[in-house]
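Participant: Please read through the structure below; I'll follow up with questions.
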Amino acid sequence: MKNYSILVSLIVLLFFVSVIAVGTGPFKVSPVQVIGILLSKIGIAFSGFTSAQESVVINIRIPRIILAVLVGCSLAVSGGALQGLFRNPLVDPGLIGVSSGAAVAVASMVIFGKPLMKVIPEFMGLYILAVAAFCGGITASFIVLKMSEMTGRANVMNMILSGIAINSIAVAGIGLLNFLSNDQQMRTITFWSLGSLGGATWLSLMVISPFIIGMTYLTVRKARELNVLALGEREAGHLGINIEKLKKQVVLISAISVGAAVSVSGIIGFLGLVVPHLARLIIGPDHRALIPISALLGAILMIISDIFARMIVSPAELPIGILTSLIGGPFFIFLILKNSRLFKI
Amino acid sequence: MIKAQGVSYRIGEQTILKDISIDVNPGQFLTVLGSNGAGKSTLLKVLSGELKGQVQLLNMNGKPLVKFSQKELALNRAVMSQETLVSFDFTVEDVVLMGRYAHCGLYETRIDREIANEAMHQADVYYLKNRIYNTLSGGEKQRVQLARVLTQIWDSNGEPKYLFLDEPTSSLDLENQYKILKVVRGFAERGVGILCILHDVNLAVRFSDKLVFLRKGELIGYGKPSEVICPEMIKNTYGVPVAVHKGYSAEVPFIFPLIV
């Protein structure tokens, strides 16, 4: 019952921050007008807004908010699931290589992709970086998984070490690619890796939302297994869980979800690490509640970060990855100092 | 019945278990005794399916152990390890309910909760129900883990069930050692086959139907306590001279170490 009321309050909160976010920006739209525009879209006549306002809200702001929701949800849910899987509260979705793999693929595409641009249809050119990021992210995670299996069984420590190794190779690769790039290309790569919600279009949302929603659903289905895993791999095995299978499933589910998210938003730091902690603080460690609550909290924090990203240097916008890390870092330190018990495993 | 014949286990050149044959019968309390490193835990791991040893025959309820899926195994036997750490702040009730994993879907049913409550009463941890597991003392944790494994094999599905315990009393005080083994004994009387590792010979004698003595991976004694307990057996097993006294009865002798 308590869980239920928290869930409902978060949904209400999500709605409110969304309305505020849609109204925020250099082009003024009041919350009442936002609701008016939404109502008129579902056939309830409402006046008091201009067609320019309607166009900005429908074509720019709302896709952006939906992207924020999807990305926040994806990172937070994957973070929560992977922390559960690795039984380690310091795990971030980046650990399985998905973000750095995506970054390498994007950097390669920016520098070497020119010939490709000529042969593919123009509208696809807009999405070529997203496709590259998605493929790069999934590939890197797959390599991490395979590497950790080479010793016989995919034990957690092997997986963490493989993740660290792949990440550091990827960082070297990005460095090398940066070295090879010209100024313009380097700027593109850097901005991608700082994250932005500016790339949201209805088409890109339609492509990534089935991935993220589907993978979030699958993660919730694994929640009880993740709970039992808290007893350790041996005990979980005695209780009937096929550990090897579970590891593969959770890593792949997270890689697909985060891969889809970063393909449109670029790298968003810290959210996947911090949000599950926040959720655990509110609702406890039960993944059946933790995963949905993380999804909502991730979405809300992402929207709030985006509001700030657009307000601080308006009419320009700050890369949102900078903000999430800037807010997330000190917040994490606060959590550590305030509640050191939280980090005991 | 769990029937094990010719169980051996090697790591490289080193032989941990050598040609062991024992039966774990439903309704019987079988205790494995031996000094540190004698292969007790390894034997338990092979019989529970966690380790794959070289075996001539290893059947549970007439079917080879390797033919069971992980979930089928979990429905028929529960294993309590020496020490279980729990990551994150799960409550005692959460931990005990995890024992029901193989029996339910994403959420536990009312029946699962009733079983967990009953098991917590039996292991005397019901009053700790809402405490965070990680804040408990070693002995309390051990009793919670016992409640967890009890919930796993609580209900009957027609097949005999088995309970494997690796030093379940290692952190318990005198009162709780007897209390807990009494509970386990009660499960044996309900038809559960018990395979237990203990260090306290007198405790083992008091509660077990049969004893297994291991030395350096070899079986050196196997039988009823009154038949196998003698100064030579204890000397061979632990290297300690003892006097055997009449304990509670002729069936339950009592050993007294003669170390000055």
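Letters A, B, ... go to the chains of the structure tokens in the order shown; residues in each chain start at 1; ligands are counted from 1 in the same order.
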Fewer than 4 positions away in the same chain doesn't count, so skip those; otherwise give me all residues within 12 Å of Phe112 of chain A, counting only C-alpha atoms, as a VMD selection string.

Facilitator: chain A and resid 104 to 108 116 to 117 129 132 177 to 178 180 to 182 185

Participant: Return the neighbours of chain A among the residues of chain B, cut-off 9 Å, counting only C-alpha atoms, as a VMD selection string.

Facilitator: chain B and resid 48 to 50 69 to 75 77 to 81 84 to 90 94 to 95 98 to 102 105 to 107 149 152

Participant: Residues near Trp192 of chain A, anyone? I mean within 9 Å using only C-alpha atoms, not counting same-chain ones fewer than 2 positions away, as a list in words.

Facilitator: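 After dropping sequence-adjacent residues, the list is Ala103, Val106, Ala107, Arg187, Thr188, Ile189, Thr190, Leu194, Gly195, Ser196, Ser265, Gly266, Ile267 and Pro319 of chain A.
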
Participant: Any chance you can output those residues with N, CA, C and O atoms as a PDB file, in the first residue's frame?

Facilitator:
ATOM      1  N   ALA A 103      30.332   5.329 -28.024  1.00  0.00           N
ATOM      2  CA  ALA A 103      31.146   6.516 -28.296  1.00  0.00           C
ATOM      3  C   ALA A 103      32.195   6.233 -29.368  1.00  0.00           C
ATOM      4  O   ALA A 103      32.425   7.067 -30.268  1.00  0.00           O
ATOM      5  N   VAL A 106      30.453   6.121 -32.708  1.00  0.00           N
ATOM      6  CA  VAL A 106      30.057   7.462 -33.162  1.00  0.00           C
ATOM      7  C   VAL A 106      31.272   8.229 -33.681  1.00  0.00           C
ATOM      8  O   VAL A 106      31.235   8.831 -34.755  1.00  0.00           O
ATOM      9  N   ALA A 107      32.366   8.167 -32.905  1.00  0.00           N
ATOM     10  CA  ALA A 107      33.567   8.886 -33.324  1.00  0.00           C
ATOM     11  C   ALA A 107      34.062   8.362 -34.672  1.00  0.00           C
ATOM     12  O   ALA A 107      34.435   9.144 -35.562  1.00  0.00           O
ATOM     13  N   ARG A 187      34.582  18.594 -32.380  1.00  0.00           N
ATOM     14  CA  ARG A 187      33.487  19.270 -31.701  1.00  0.00           C
ATOM     15  C   ARG A 187      32.231  18.381 -31.679  1.00  0.00           C
ATOM     16  O   ARG A 187      31.569  18.226 -30.650  1.00  0.00           O
ATOM     17  N   THR A 188      31.955  17.759 -32.825  1.00  0.00           N
ATOM     18  CA  THR A 188      30.783  16.875 -32.911  1.00  0.00           C
ATOM     19  C   THR A 188      30.910  15.723 -31.926  1.00  0.00           C
ATOM     20  O   THR A 188      29.981  15.390 -31.191  1.00  0.00           O
ATOM     21  N   ILE A 189      32.116  15.115 -31.918  1.00  0.00           N
ATOM     22  CA  ILE A 189      32.328  13.958 -31.032  1.00  0.00           C
ATOM     23  C   ILE A 189      32.185  14.374 -29.564  1.00  0.00           C
ATOM     24  O   ILE A 189      31.498  13.730 -28.780  1.00  0.00           O
ATOM     25  N   THR A 190      32.829  15.501 -29.219  1.00  0.00           N
ATOM     26  CA  THR A 190      32.786  15.943 -27.828  1.00  0.00           C
ATOM     27  C   THR A 190      31.357  16.226 -27.384  1.00  0.00           C
ATOM     28  O   THR A 190      30.923  15.790 -26.317  1.00  0.00           O
ATOM     29  N   LEU A 194      28.890  14.446 -24.453  1.00  0.00           N
ATOM     30  CA  LEU A 194      28.391  15.184 -23.294  1.00  0.00           C
ATOM     31  C   LEU A 194      26.880  15.058 -23.164  1.00  0.00           C
ATOM     32  O   LEU A 194      26.293  15.483 -22.176  1.00  0.00           O
ATOM     33  N   GLY A 195      26.261  14.486 -24.162  1.00  0.00           N
ATOM     34  CA  GLY A 195      24.830  14.220 -24.080  1.00  0.00           C
ATOM     35  C   GLY A 195      23.957  15.411 -24.419  1.00  0.00           C
ATOM     36  O   GLY A 195      24.285  16.542 -24.086  1.00  0.00           O
ATOM     37  N   SER A 196      22.855  15.153 -25.104  1.00  0.00           N
ATOM     38  CA  SER A 196      21.895  16.200 -25.416  1.00  0.00           C
ATOM     39  C   SER A 196      20.558  15.567 -25.748  1.00  0.00           C
ATOM     40  O   SER A 196      20.499  14.465 -26.280  1.00  0.00           O
ATOM     41  N   SER A 265      20.535  10.196 -27.344  1.00  0.00           N
ATOM     42  CA  SER A 265      20.848  11.269 -26.398  1.00  0.00           C
ATOM     43  C   SER A 265      22.344  11.493 -26.221  1.00  0.00           C
ATOM     44  O   SER A 265      22.748  12.501 -25.656  1.00  0.00           O
ATOM     45  N   GLY A 266      23.176  10.578 -26.684  1.00  0.00           N
ATOM     46  CA  GLY A 266      24.594  10.664 -26.330  1.00  0.00           C
ATOM     47  C   GLY A 266      24.762  10.193 -24.898  1.00  0.00           C
ATOM     48  O   GLY A 266      23.825   9.677 -24.280  1.00  0.00           O
ATOM     49  N   ILE A 267      25.977  10.363 -24.363  1.00  0.00           N
ATOM     50  CA  ILE A 267      26.252   9.807 -23.034  1.00  0.00           C
ATOM     51  C   ILE A 267      25.740  10.736 -21.938  1.00  0.00           C
ATOM     52  O   ILE A 267      26.032  11.929 -21.924  1.00  0.00           O
ATOM     53  N   PRO A 319      25.079  21.141 -22.544  1.00  0.00           N
ATOM     54  CA  PRO A 319      24.951  19.690 -22.722  1.00  0.00           C
ATOM     55  C   PRO A 319      24.458  19.054 -21.419  1.00  0.00           C
ATOM     56  O   PRO A 319      25.000  19.325 -20.349  1.00  0.00           O
TER      57      PRO A 319
END

Participant: Could you check how far atom CA of Gly198 of chain A sits from atom CA of Phe142 of chain A, in Å to one decimal?

Facilitator: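 For atom CA of Gly198 of chain A relative to atom CA of Phe142 of chain A, the distance reads 28.8 Å.
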
Participant: If you count only C-alpha atoms, which residues fall within 10 Å of segment 200-212 of chain B, apart from same-chain ones fewer than 6 positions away, as a PyMOL selection string?

Facilitator: chain B and resi 22+24+27-34+40+167+169-170+177-178+181-182+184-185+188+194+219-229+234+247-249+251-256

Participant: Could you jot down the atom CA of Ser55 of chain A to atom CA of Val29 of chain A separation for me, Å, one decimal place?

Facilitator: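 These atoms are spaced 11.2 Å apart.
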
Participant: Based on DSSP run over this structure's backbone, return all residues of segment 162-248 of chain A in helix (DSSP H, G or I), as a count of residues only.

Facilitator: 70

Participant: Mind checking DSSP for segment 46-174 of chain B and telling me the strand (DSSP E or B) residues as a list in words?

Facilitator: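 After running DSSP on the backbone, segment 46-174 of chain B has strand (DSSP E or B) at Gln54, Leu57, Leu58, Asn59, Met60, Lys63, Pro64, Arg77, Ala78, Val79, Met80, Thr91, Ile132, Tyr162, Leu163, Phe164, Leu165 and Asp166 of chain B.
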
Participant: Which polymer residues have any atom within 12 Å of an atom of Tyr217 of chain A, counting only C-alpha atoms, with same-chain residues fewer than 6 positions away left out, as a PyMOL selection string?

Facilitator: chain A and resi 73-74+77-78+81+209-211+223+250+253-254+257+288+291-292+295

Participant: Would you mind exporting the chosen residues as a tab-separated table (two decimals), in the first residue's frame, restricted to C-alpha atoms?

Facilitator:
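Done, and the output landed in again-v6.tsv:
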chain	number	residue	atom	x	y	z
A	73	CYS	CA	14.00	5.40	-17.37
A	74	SER	CA	16.45	3.31	-19.39
A	77	VAL	CA	16.38	0.77	-14.66
A	78	SER	CA	19.56	-0.70	-16.15
A	81	ALA	CA	19.27	-4.17	-12.50
A	209	SER	CA	10.65	3.48	-27.47
A	210	PRO	CA	9.77	-0.17	-28.21
A	211	PHE	CA	13.31	-1.16	-27.21
A	223	ALA	CA	13.11	-8.57	-10.39
A	250	VAL	CA	20.24	-9.06	-17.66
A	253	ILE	CA	18.56	-6.51	-21.72
A	254	SER	CA	20.48	-3.59	-20.20
A	257	SER	CA	17.98	-0.56	-23.47
A	288	ARG	CA	10.03	-5.55	-7.80
A	291	ILE	CA	12.83	-1.05	-10.75
A	292	PRO	CA	9.51	0.76	-11.40
A	295	ALA	CA	12.17	4.25	-13.85

Participant: So how many Å separate atom CA of Ile2 of chain B and atom CA of Lys161 of chain B, to one decimal?

Facilitator: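 Between these atoms lies a distance of 9.7 Å.
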
Participant: As number ranges by chain, please: the residues near segment 6-10 of chain A (cut-off 10 Å, only C-alpha atoms, same-chain neighbours under 2 positions excluded).

Facilitator: A: 1-4, 12-16, 282-283, 289, 292-293, 296-297, 299-300

Participant: Could you dump the residues just selected with N, CA, C and O atoms as a compact mmCIF listing (two decimals), in the first residue's frame?

Facilitator:
# COMPACT_ATOMS: atom_id res chain seq x y z
N MET A 1 0.85 -1.21 0.00
CA MET A 1 0.00 0.00 0.00
C MET A 1 0.87 1.24 0.00
O MET A 1 0.65 2.17 -0.75
N LYS A 2 1.91 1.21 0.82
CA LYS A 2 2.85 2.33 0.89
C LYS A 2 3.53 2.48 -0.47
O LYS A 2 3.65 3.58 -0.99
N ASN A 3 3.94 1.34 -1.04
CA ASN A 3 4.58 1.36 -2.35
C ASN A 3 3.67 1.98 -3.39
O ASN A 3 4.10 2.73 -4.25
N TYR A 4 2.40 1.64 -3.27
CA TYR A 4 1.41 2.12 -4.23
C TYR A 4 1.31 3.63 -4.19
O TYR A 4 1.30 4.29 -5.23
N VAL A 12 2.26 11.52 -10.56
CA VAL A 12 1.73 12.89 -10.54
C VAL A 12 2.87 13.89 -10.69
O VAL A 12 2.80 14.83 -11.49
N LEU A 13 3.95 13.66 -9.95
CA LEU A 13 5.12 14.55 -10.02
C LEU A 13 5.68 14.58 -11.44
O LEU A 13 6.03 15.64 -11.97
N LEU A 14 5.75 13.42 -12.07
CA LEU A 14 6.26 13.32 -13.44
C LEU A 14 5.41 14.18 -14.37
O LEU A 14 5.93 14.91 -15.21
N PHE A 15 4.09 14.12 -14.18
CA PHE A 15 3.19 14.91 -15.01
C PHE A 15 3.47 16.40 -14.81
O PHE A 15 3.59 17.16 -15.77
N PHE A 16 3.60 16.83 -13.54
CA PHE A 16 3.81 18.25 -13.28
C PHE A 16 5.13 18.75 -13.86
O PHE A 16 5.15 19.78 -14.53
N ILE A 282 14.16 5.34 -0.74
CA ILE A 282 12.72 5.59 -0.60
C ILE A 282 11.96 4.31 -0.31
O ILE A 282 11.07 4.26 0.52
N ILE A 283 12.32 3.24 -1.01
CA ILE A 283 11.41 2.10 -1.05
C ILE A 283 12.04 0.78 -0.58
O ILE A 283 11.36 -0.24 -0.45
N ALA A 289 9.83 -3.46 -6.56
CA ALA A 289 9.40 -2.08 -6.39
C ALA A 289 10.49 -1.13 -6.87
O ALA A 289 10.21 -0.08 -7.46
N PRO A 292 10.49 -0.24 -10.95
CA PRO A 292 9.51 0.76 -11.40
C PRO A 292 9.76 2.15 -10.80
O PRO A 292 9.65 3.16 -11.49
N ILE A 293 10.11 2.18 -9.50
CA ILE A 293 10.34 3.48 -8.86
C ILE A 293 11.57 4.15 -9.49
O ILE A 293 11.59 5.36 -9.74
N LEU A 296 10.62 5.80 -12.80
CA LEU A 296 9.94 7.08 -12.65
C LEU A 296 10.89 8.17 -12.17
O LEU A 296 10.92 9.29 -12.70
N LEU A 297 11.72 7.84 -11.16
CA LEU A 297 12.66 8.83 -10.63
C LEU A 297 13.66 9.25 -11.72
O LEU A 297 13.99 10.43 -11.84
N ALA A 299 13.21 9.29 -14.92
CA ALA A 299 12.51 10.16 -15.87
C ALA A 299 12.36 11.57 -15.30
O ALA A 299 12.67 12.56 -15.96
N ILE A 300 11.95 11.64 -14.03
CA ILE A 300 11.73 12.96 -13.41
C ILE A 300 13.04 13.74 -13.33
O ILE A 300 13.11 14.92 -13.71

Participant: Write out as a list of chain:residue names each polymer residue whose atoms come within 10 Å of Gln82 of chain B, counting only C-alpha atoms; drop sequence neighbours fewer than 6 positions from it.

Facilitator: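 These residues fall inside the cut-off: B:Ser41, B:Gln142, B:Gln145, B:Leu165, B:Asp166, B:Glu167, B:Pro168, B:Thr169, B:Ser170, B:Ser171, B:Ile197.
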
Participant: Kindly indicate which residue among A:Val17, A:Ser263, A:Thr139, A:Ile336 lies nearest to Leu281 of chain A, using only C-alpha atoms for the distances.

Facilitator: A:Ile336
